[in-house]
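The file start.pdb contains PDB, N, CA and C atoms:
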MODEL        1
ATOM      1  N   MET A   1       0.793  -1.187   0.000
ATOM      2  CA  MET A   1       0.000   0.000   0.000
ATOM      3  C   MET A   1       0.835   1.250   0.000
ATOM      4  N   ASP A   2       1.911   1.114   0.586
ATOM      5  CA  ASP A   2       2.794   2.267   0.680
ATOM      6  C   ASP A   2       3.242   2.718  -0.703
ATOM      7  N   SER A   3       3.565   1.795  -1.561
ATOM      8  CA  SER A   3       3.983   2.155  -2.913
ATOM      9  C   SER A   3       2.812   2.672  -3.731
ATOM     10  N   THR A   4       1.642   2.141  -3.510
ATOM     11  CA  THR A   4       0.460   2.611  -4.226
ATOM     12  C   THR A   4       0.141   4.041  -3.800
ATOM     13  N   GLU A   5       0.283   4.288  -2.526
ATOM     14  CA  GLU A   5       0.024   5.646  -2.025
ATOM     15  C   GLU A   5       1.057   6.620  -2.571
ATOM     16  N   ARG A   6       2.292   6.187  -2.666
ATOM     17  CA  ARG A   6       3.343   7.041  -3.236
ATOM     18  C   ARG A   6       3.036   7.356  -4.696
ATOM     19  N   ARG A   7       2.607   6.353  -5.401
ATOM     20  CA  ARG A   7       2.267   6.569  -6.810
ATOM     21  C   ARG A   7       1.130   7.580  -6.944
ATOM     22  N   ARG A   8       0.150   7.441  -6.088
ATOM     23  CA  ARG A   8      -0.957   8.384  -6.122
ATOM     24  C   ARG A   8      -0.477   9.800  -5.819
ATOM     25  N   ARG A   9       0.355   9.924  -4.781
ATOM     26  CA  ARG A   9       0.900  11.240  -4.434
ATOM     27  C   ARG A   9       1.722  11.803  -5.583
ATOM     28  N   ASN A  10       2.564  10.967  -6.153
ATOM     29  CA  ASN A  10       3.378  11.410  -7.286
ATOM     30  C   ASN A  10       2.496  11.804  -8.472
ATOM     31  N   ALA A  11       1.461  11.047  -8.702
ATOM     32  CA  ALA A  11       0.548  11.361  -9.798
ATOM     33  C   ALA A  11      -0.152  12.693  -9.528
ATOM     34  N   LYS A  12      -0.572  12.915  -8.271
ATOM     35  CA  LYS A  12      -1.209  14.178  -7.912
ATOM     36  C   LYS A  12      -0.236  15.349  -8.084
ATOM     37  N   ARG A  13       1.000  15.146  -7.614
ATOM     38  CA  ARG A  13       2.013  16.199  -7.758
ATOM     39  C   ARG A  13       2.261  16.514  -9.234
ATOM     40  N   LEU A  14       2.383  15.467 -10.024
ATOM     41  CA  LEU A  14       2.604  15.642 -11.448
ATOM     42  C   LEU A  14       1.419  16.357 -12.086
ATOM     43  N   ALA A  15       0.230  15.996 -11.694
ATOM     44  CA  ALA A  15      -0.971  16.650 -12.234
ATOM     45  C   ALA A  15      -0.996  18.121 -11.823
ATOM     46  N   ARG A  16      -0.642  18.405 -10.574
ATOM     47  CA  ARG A  16      -0.597  19.793 -10.116
ATOM     48  C   ARG A  16       0.453  20.589 -10.887
ATOM     49  N   ARG A  17       1.596  19.988 -11.109
ATOM     50  CA  ARG A  17       2.657  20.681 -11.858
ATOM     51  C   ARG A  17       2.196  20.984 -13.279
ATOM     52  N   ARG A  18       1.577  19.990 -13.924
ATOM     53  CA  ARG A  18       1.070  20.201 -15.282
ATOM     54  C   ARG A  18      -0.020  21.270 -15.281
ATOM     55  N   ASN A  19      -0.877  21.221 -14.279
ATOM     56  CA  ASN A  19      -1.946  22.188 -14.164
ATOM     57  C   ASN A  19      -1.363  23.600 -13.969
ATOM     58  N   ARG A  20      -0.372  23.728 -13.102
ATOM     59  CA  ARG A  20       0.278  25.021 -12.867
ATOM     60  C   ARG A  20       0.974  25.509 -14.132
ATOM     61  N   LEU A  21       1.663  24.613 -14.795
ATOM     62  CA  LEU A  21       2.354  24.976 -16.028
ATOM     63  C   LEU A  21       1.350  25.423 -17.093
ATOM     64  N   GLY A  22       0.252  24.707 -17.214
ATOM     65  CA  GLY A  22      -0.791  25.088 -18.163
ATOM     66  C   GLY A  22      -1.376  26.453 -17.823
ATOM     67  N   MET A  23      -1.654  26.687 -16.553
ATOM     68  CA  MET A  23      -2.182  27.979 -16.121
ATOM     69  C   MET A  23      -1.170  29.091 -16.389
ATOM     70  N   LEU A  24       0.103  28.815 -16.176
ATOM     71  CA  LEU A  24       1.149  29.809 -16.428
ATOM     72  C   LEU A  24       1.225  30.136 -17.913
ATOM     73  N   VAL A  25       1.156  29.137 -18.763
ATOM     74  CA  VAL A  25       1.187  29.352 -20.213
ATOM     75  C   VAL A  25      -0.044  30.144 -20.649
ATOM     76  N   ILE A  26      -1.196  29.783 -20.146
ATOM     77  CA  ILE A  26      -2.433  30.499 -20.494
ATOM     78  C   ILE A  26      -2.357  31.949 -20.027
ATOM     79  N   THR A  27      -1.850  32.179 -18.814
ATOM     80  CA  THR A  27      -1.699  33.543 -18.296
ATOM     81  C   THR A  27      -0.750  34.347 -19.172
ATOM     82  N   PHE A  28       0.342  33.727 -19.581
ATOM     83  CA  PHE A  28       1.305  34.409 -20.442
ATOM     84  C   PHE A  28       0.666  34.785 -21.783
ATOM     85  N   VAL A  29      -0.083  33.871 -22.370
ATOM     86  CA  VAL A  29      -0.731  34.134 -23.661
ATOM     87  C   VAL A  29      -1.765  35.244 -23.519
ATOM     88  N   VAL A  30      -2.542  35.211 -22.447
ATOM     89  CA  VAL A  30      -3.553  36.252 -22.228
ATOM     90  C   VAL A  30      -2.886  37.615 -22.047
ATOM     91  N   CYS A  31      -1.814  37.664 -21.268
ATOM     92  CA  CYS A  31      -1.086  38.938 -21.072
ATOM     93  C   CYS A  31      -0.492  39.433 -22.385
ATOM     94  N   LEU A  32       0.052  38.530 -23.158
ATOM     95  CA  LEU A  32       0.625  38.890 -24.447
ATOM     96  C   LEU A  32      -0.457  39.468 -25.364
ATOM     97  N   LEU A  33      -1.604  38.816 -25.436
ATOM     98  CA  LEU A  33      -2.714  39.321 -26.245
ATOM     99  C   LEU A  33      -3.185  40.685 -25.739
ATOM    100  N   PHE A  34      -3.241  40.850 -24.432
ATOM    101  CA  PHE A  34      -3.652  42.127 -23.859
ATOM    102  C   PHE A  34      -2.729  43.252 -24.311
ATOM    103  N   PHE A  35      -1.427  43.048 -24.222
ATOM    104  CA  PHE A  35      -0.486  44.093 -24.605
ATOM    105  C   PHE A  35      -0.487  44.355 -26.111
ATOM    106  N   VAL A  36      -0.660  43.312 -26.892
ATOM    107  CA  VAL A  36      -0.736  43.502 -28.343
ATOM    108  C   VAL A  36      -1.976  44.324 -28.695
ATOM    109  N   LEU A  37      -3.112  43.984 -28.113
ATOM    110  CA  LEU A  37      -4.340  44.728 -28.379
ATOM    111  C   LEU A  37      -4.258  46.157 -27.847
ATOM    112  N   LEU A  38      -3.623  46.344 -26.719
ATOM    113  CA  LEU A  38      -3.449  47.687 -26.162
ATOM    114  C   LEU A  38      -2.596  48.552 -27.088
ATOM    115  N   SER A  39      -1.497  47.999 -27.590
ATOM    116  CA  SER A  39      -0.634  48.782 -28.486
ATOM    117  C   SER A  39      -1.344  49.082 -29.802
ATOM    118  N   GLU A  40      -2.118  48.136 -30.321
ATOM    119  CA  GLU A  40      -2.880  48.384 -31.547
ATOM    120  C   GLU A  40      -3.945  49.457 -31.315
ATOM    121  N   GLY A  41      -4.562  49.447 -30.148
ATOM    122  CA  GLY A  41      -5.553  50.461 -29.810
ATOM    123  C   GLY A  41      -4.947  51.848 -29.784
ATOM    124  N   VAL A  42      -3.772  51.968 -29.206
ATOM    125  CA  VAL A  42      -3.081  53.260 -29.159
ATOM    126  C   VAL A  42      -2.732  53.717 -30.572
ATOM    127  N   ARG A  43      -2.249  52.797 -31.392
ATOM    128  CA  ARG A  43      -1.894  53.147 -32.768
ATOM    129  C   ARG A  43      -3.134  53.587 -33.549
ATOM    130  N   LEU A  44      -4.231  52.882 -33.357
ATOM    131  CA  LEU A  44      -5.457  53.234 -34.067
ATOM    132  C   LEU A  44      -6.015  54.575 -33.597
ATOM    133  N   ARG A  45      -5.888  54.876 -32.319
ATOM    134  CA  ARG A  45      -6.327  56.189 -31.826
ATOM    135  C   ARG A  45      -5.525  57.300 -32.467
ATOM    136  N   ALA A  46      -4.221  57.099 -32.585
ATOM    137  CA  ALA A  46      -3.379  58.109 -33.240
ATOM    138  C   ALA A  46      -3.787  58.267 -34.703
ATOM    139  N   GLN A  47      -4.103  57.177 -35.356
ATOM    140  CA  GLN A  47      -4.533  57.238 -36.758
ATOM    141  C   GLN A  47      -5.884  57.943 -36.875
ATOM    142  N   ILE A  48      -6.773  57.724 -35.921
ATOM    143  CA  ILE A  48      -8.067  58.401 -35.927
ATOM    144  C   ILE A  48      -7.884  59.903 -35.803
ATOM    145  N   VAL A  49      -6.988  60.326 -34.914
ATOM    146  CA  VAL A  49      -6.720  61.762 -34.751
ATOM    147  C   VAL A  49      -6.175  62.336 -36.049
ATOM    148  N   THR A  50      -5.249  61.641 -36.676
ATOM    149  CA  THR A  50      -4.679  62.100 -37.942
ATOM    150  C   THR A  50      -5.754  62.186 -39.018
ATOM    151  N   ASN A  51      -6.606  61.182 -39.089
ATOM    152  CA  ASN A  51      -7.683  61.185 -40.086
ATOM    153  C   ASN A  51      -8.680  62.299 -39.821
ATOM    154  N   ASP A  52      -8.980  62.573 -38.543
ATOM    155  CA  ASP A  52      -9.892  63.671 -38.211
ATOM    156  C   ASP A  52      -9.309  65.012 -38.640
ATOM    157  N   GLU A  53      -8.003  65.200 -38.427
ATOM    158  CA  GLU A  53      -7.357  66.434 -38.848
ATOM    159  C   GLU A  53      -7.400  66.575 -40.371
ATOM    160  N   GLU A  54      -7.137  65.491 -41.069
ATOM    161  CA  GLU A  54      -7.170  65.520 -42.529
ATOM    162  C   GLU A  54      -8.589  65.788 -43.041
ATOM    163  N   THR A  55      -9.582  65.193 -42.378
ATOM    164  CA  THR A  55     -10.968  65.423 -42.755
ATOM    165  C   THR A  55     -11.332  66.888 -42.580
ATOM    166  N   GLN A  56     -10.904  67.483 -41.466
ATOM    167  CA  GLN A  56     -11.189  68.896 -41.227
ATOM    168  C   GLN A  56     -10.508  69.768 -42.278
ATOM    169  N   MET A  57      -9.277  69.432 -42.619
ATOM    170  CA  MET A  57      -8.553  70.189 -43.634
ATOM    171  C   MET A  57      -9.272  70.093 -44.983
ATOM    172  N   LEU A  58      -9.741  68.914 -45.337
ATOM    173  CA  LEU A  58     -10.451  68.735 -46.600
ATOM    174  C   LEU A  58     -11.798  69.450 -46.583
ATOM    175  N   GLN A  59     -12.478  69.457 -45.450
ATOM    176  CA  GLN A  59     -13.737  70.193 -45.339
ATOM    177  C   GLN A  59     -13.509  71.691 -45.535
ATOM    178  N   ASP A  60     -12.405  72.203 -44.957
ATOM    179  CA  ASP A  60     -12.058  73.616 -45.152
ATOM    180  C   ASP A  60     -11.768  73.906 -46.622
ATOM    181  N   ALA A  61     -11.070  72.983 -47.285
ATOM    182  CA  ALA A  61     -10.762  73.162 -48.703
ATOM    183  C   ALA A  61     -12.051  73.135 -49.536
ATOM    184  N   ILE A  62     -12.979  72.268 -49.182
ATOM    185  CA  ILE A  62     -14.259  72.204 -49.902
ATOM    186  C   ILE A  62     -15.010  73.515 -49.736
ATOM    187  N   THR A  63     -15.034  74.033 -48.518
ATOM    188  CA  THR A  63     -15.720  75.304 -48.259
ATOM    189  C   THR A  63     -15.093  76.429 -49.063
ATOM    190  N   ALA A  64     -13.760  76.462 -49.084
ATOM    191  CA  ALA A  64     -13.063  77.504 -49.845
ATOM    192  C   ALA A  64     -13.375  77.388 -51.335
ATOM    193  N   GLU A  65     -13.412  76.179 -51.857
ATOM    194  CA  GLU A  65     -13.711  75.986 -53.274
ATOM    195  C   GLU A  65     -15.155  76.368 -53.599
ATOM    196  N   LYS A  66     -16.079  76.090 -52.687
ATOM    197  CA  LYS A  66     -17.464  76.496 -52.913
ATOM    198  C   LYS A  66     -17.582  78.020 -52.959
ATOM    199  N   GLU A  67     -16.879  78.697 -52.040
ATOM    200  CA  GLU A  67     -16.887  80.163 -52.054
ATOM    201  C   GLU A  67     -16.277  80.690 -53.345
ATOM    202  N   ARG A  68     -15.197  80.054 -53.765
ATOM    203  CA  ARG A  68     -14.537  80.460 -55.012
ATOM    204  C   ARG A  68     -15.482  80.253 -56.200
ATOM    205  N   ALA A  69     -16.202  79.139 -56.207
ATOM    206  CA  ALA A  69     -17.144  78.852 -57.289
ATOM    207  C   ALA A  69     -18.277  79.875 -57.313
ATOM    208  N   GLU A  70     -18.748  80.279 -56.131
ATOM    209  CA  GLU A  70     -19.784  81.309 -56.066
ATOM    210  C   GLU A  70     -19.265  82.626 -56.626
ATOM    211  N   GLY A  71     -18.011  82.962 -56.283
ATOM    212  CA  GLY A  71     -17.396  84.174 -56.826
ATOM    213  C   GLY A  71     -17.267  84.105 -58.332
ATOM    214  N   MET A  72     -16.872  82.957 -58.833
ATOM    215  CA  MET A  72     -16.740  82.782 -60.281
ATOM    216  C   MET A  72     -18.105  82.890 -60.957
ATOM    217  N   GLU A  73     -19.133  82.382 -60.312
ATOM    218  CA  GLU A  73     -20.478  82.463 -60.874
ATOM    219  C   GLU A  73     -20.940  83.922 -60.963
ATOM    220  N   SER A  74     -20.652  84.707 -59.929
ATOM    221  CA  SER A  74     -21.058  86.113 -59.982
ATOM    222  C   SER A  74     -20.267  86.866 -61.056
ATOM    223  N   ILE A  75     -19.000  86.521 -61.242
ATOM    224  CA  ILE A  75     -18.203  87.139 -62.308
ATOM    225  C   ILE A  75     -18.767  86.741 -63.671
ATOM    226  N   ARG A  76     -19.144  85.466 -63.824
ATOM    227  CA  ARG A  76     -19.715  85.000 -65.084
ATOM    228  C   ARG A  76     -21.009  85.750 -65.404
ATOM    229  N   GLU A  77     -21.841  85.924 -64.387
ATOM    230  CA  GLU A  77     -23.090  86.658 -64.596
ATOM    231  C   GLU A  77     -22.812  88.103 -65.016
ATOM    232  N   TYR A  78     -21.810  88.728 -64.380
ATOM    233  CA  TYR A  78     -21.464  90.108 -64.732
ATOM    234  C   TYR A  78     -20.925  90.186 -66.161
ATOM    235  N   VAL A  79     -20.056  89.241 -66.527
ATOM    236  CA  VAL A  79     -19.467  89.242 -67.872
ATOM    237  C   VAL A  79     -20.551  89.044 -68.929
ATOM    238  N   GLU A  80     -21.582  88.291 -68.614
ATOM    239  CA  GLU A  80     -22.660  88.066 -69.573
ATOM    240  C   GLU A  80     -23.684  89.204 -69.591
ATOM    241  N   SER A  81     -23.545  90.150 -68.664
ATOM    242  CA  SER A  81     -24.528  91.244 -68.605
ATOM    243  C   SER A  81     -24.280  92.264 -69.716
ATOM    244  N   GLU A  82     -25.326  92.993 -70.049
ATOM    245  CA  GLU A  82     -25.231  94.013 -71.088
ATOM    246  C   GLU A  82     -24.348  95.176 -70.642
ATOM    247  N   GLU A  83     -24.357  95.449 -69.357
ATOM    248  CA  GLU A  83     -23.530  96.534 -68.811
ATOM    249  C   GLU A  83     -22.052  96.284 -69.102
ATOM    250  N   PHE A  84     -21.585  95.065 -68.845
ATOM    251  CA  PHE A  84     -20.182  94.724 -69.081
ATOM    252  C   PHE A  84     -19.856  94.825 -70.571
ATOM    253  N   ILE A  85     -20.760  94.332 -71.399
ATOM    254  CA  ILE A  85     -20.531  94.351 -72.845
ATOM    255  C   ILE A  85     -20.383  95.796 -73.328
ATOM    256  N   LYS A  86     -21.250  96.705 -72.836
ATOM    257  CA  LYS A  86     -21.163  98.109 -73.233
ATOM    258  C   LYS A  86     -19.869  98.749 -72.741
ATOM    259  N   GLU A  87     -19.514  98.487 -71.493
ATOM    260  CA  GLU A  87     -18.270  99.055 -70.948
ATOM    261  C   GLU A  87     -17.069  98.585 -71.753
ATOM    262  N   THR A  88     -17.025  97.308 -72.076
ATOM    263  CA  THR A  88     -15.912  96.760 -72.841
ATOM    264  C   THR A  88     -15.884  97.344 -74.253
ATOM    265  N   ALA A  89     -17.035  97.477 -74.865
ATOM    266  CA  ALA A  89     -17.099  98.055 -76.216
ATOM    267  C   ALA A  89     -16.653  99.512 -76.194
ATOM    268  N   ARG A  90     -17.023 100.264 -75.171
ATOM    269  CA  ARG A  90     -16.584 101.662 -75.057
ATOM    270  C   ARG A  90     -15.071 101.739 -74.866
ATOM    271  N   ALA A  91     -14.553 100.892 -73.972
ATOM    272  CA  ALA A  91     -13.124 100.971 -73.651
ATOM    273  C   ALA A  91     -12.253 100.475 -74.799
ATOM    274  N   ARG A  92     -12.622  99.394 -75.413
ATOM    275  CA  ARG A  92     -11.755  98.800 -76.426
ATOM    276  C   ARG A  92     -12.021  99.316 -77.835
ATOM    277  N   PHE A  93     -13.270  99.530 -78.156
ATOM    278  CA  PHE A  93     -13.606  99.836 -79.541
ATOM    279  C   PHE A  93     -14.155 101.246 -79.745
ATOM    280  N   GLY A  94     -14.264 102.035 -78.666
ATOM    281  CA  GLY A  94     -14.737 103.404 -78.795
ATOM    282  C   GLY A  94     -16.205 103.500 -79.140
ATOM    283  N   LEU A  95     -17.051 102.651 -78.598
ATOM    284  CA  LEU A  95     -18.478 102.667 -78.852
ATOM    285  C   LEU A  95     -19.081 104.003 -78.421
ATOM    286  N   VAL A  96     -19.896 104.558 -79.282
ATOM    287  CA  VAL A  96     -20.579 105.817 -78.983
ATOM    288  C   VAL A  96     -22.070 105.547 -79.081
ATOM    289  N   GLU A  97     -22.799 105.964 -78.056
ATOM    290  CA  GLU A  97     -24.249 105.799 -78.053
ATOM    291  C   GLU A  97     -24.915 107.132 -78.342
ATOM    292  N   ASP A  98     -26.194 107.082 -78.635
ATOM    293  CA  ASP A  98     -26.958 108.302 -78.858
ATOM    294  C   ASP A  98     -26.907 109.171 -77.601
ATOM    295  N   GLY A  99     -26.691 110.438 -77.785
ATOM    296  CA  GLY A  99     -26.672 111.378 -76.676
ATOM    297  C   GLY A  99     -25.281 111.577 -76.088
ATOM    298  N   ASP A 100     -24.292 110.825 -76.535
ATOM    299  CA  ASP A 100     -22.916 111.025 -76.054
ATOM    300  C   ASP A 100     -22.325 112.243 -76.738
ATOM    301  N   ILE A 101     -21.532 112.995 -76.014
ATOM    302  CA  ILE A 101     -20.848 114.159 -76.573
ATOM    303  C   ILE A 101     -19.419 113.753 -76.856
ATOM    304  N   LEU A 102     -19.004 113.952 -78.080
ATOM    305  CA  LEU A 102     -17.650 113.580 -78.500
ATOM    306  C   LEU A 102     -16.755 114.794 -78.471
ATOM    307  N   PHE A 103     -15.585 114.576 -77.999
ATOM    308  CA  PHE A 103     -14.573 115.631 -78.046
ATOM    309  C   PHE A 103     -13.488 115.183 -78.991
ATOM    310  N   ARG A 104     -13.199 116.041 -79.925
ATOM    311  CA  ARG A 104     -12.119 115.723 -80.855
ATOM    312  C   ARG A 104     -10.957 116.641 -80.553
ATOM    313  N   PRO A 105      -9.801 116.122 -80.601
ATOM    314  CA  PRO A 105      -8.642 116.985 -80.354
ATOM    315  C   PRO A 105      -8.517 118.041 -81.464
ATOM    316  N   ALA A 106      -8.111 119.218 -81.044
ATOM    317  CA  ALA A 106      -7.960 120.308 -82.016
ATOM    318  C   ALA A 106      -6.761 120.006 -82.890
ATOM    319  N   GLU A 107      -6.959 120.264 -84.176
ATOM    320  CA  GLU A 107      -5.876 119.980 -85.102
ATOM    321  C   GLU A 107      -5.116 121.206 -85.433
TER
ENDMDL
END
Encoded form using structure tokens:
Amino acid sequence: MDSTERRRRNAKRLARRRNRLGMLVITFVVCLLFFVLLSEGVRLRAQIVTNDEETQMLQDAITAEKERAEGMESIREYVESEEFIKETARARFGLVEDGDILFRPAE
């Protein structure tokens, strides 16, 4: 009986050692996964901040381009107006309308 009891004790000790070793390996793997996920989370947060800044910059650029387009539209409307056409014809081609007084240089 003494040898049977020793075998049982040895088997229990061996089982405890294996159990402890398994728990240690599992703890190590869980800690490793925790730190990997933590570092990835930090990296992703930094990327989110960078993307938010870029998004804001692009939104500002879109706003500026819309304002520029509105300005171009008002210029286009002015260029197509009769007032602009008359001013340009007067300045470039010397257009004279009814009722205008002409001055000629004395010869």
Q: Based on DSSP run over this structure's backbone, return all residues of chain A in alpha helix (DSSP H), as a count of residues only.
A: 90
Q: Measure the distance from atom CA of A:Ile62 to atom C of A:Thr50 in Å and round it to one decimal.
A: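 Going from atom CA of A:Ile62 over to atom C of A:Thr50 covers 17.1 Å.
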Set up a box along x, y and z of the file covering all listed atoms of stretch 1-12 of chain A, add 4 Å on every one of the six sides, and write the centre and edge lengths in Å to one decimal, as lines of an AutoDock Vina configuration file.
center_x = 1.4
center_y = 7.1
center_z = -4.6
size_x = 13.2
size_y = 24.5
size_z = 18.5
Q) Could you work out how far atom CA of A:Gly94 lies from atom CA of A:Glu73, giving the answer in Å with one decimal? A) 28.2 Å
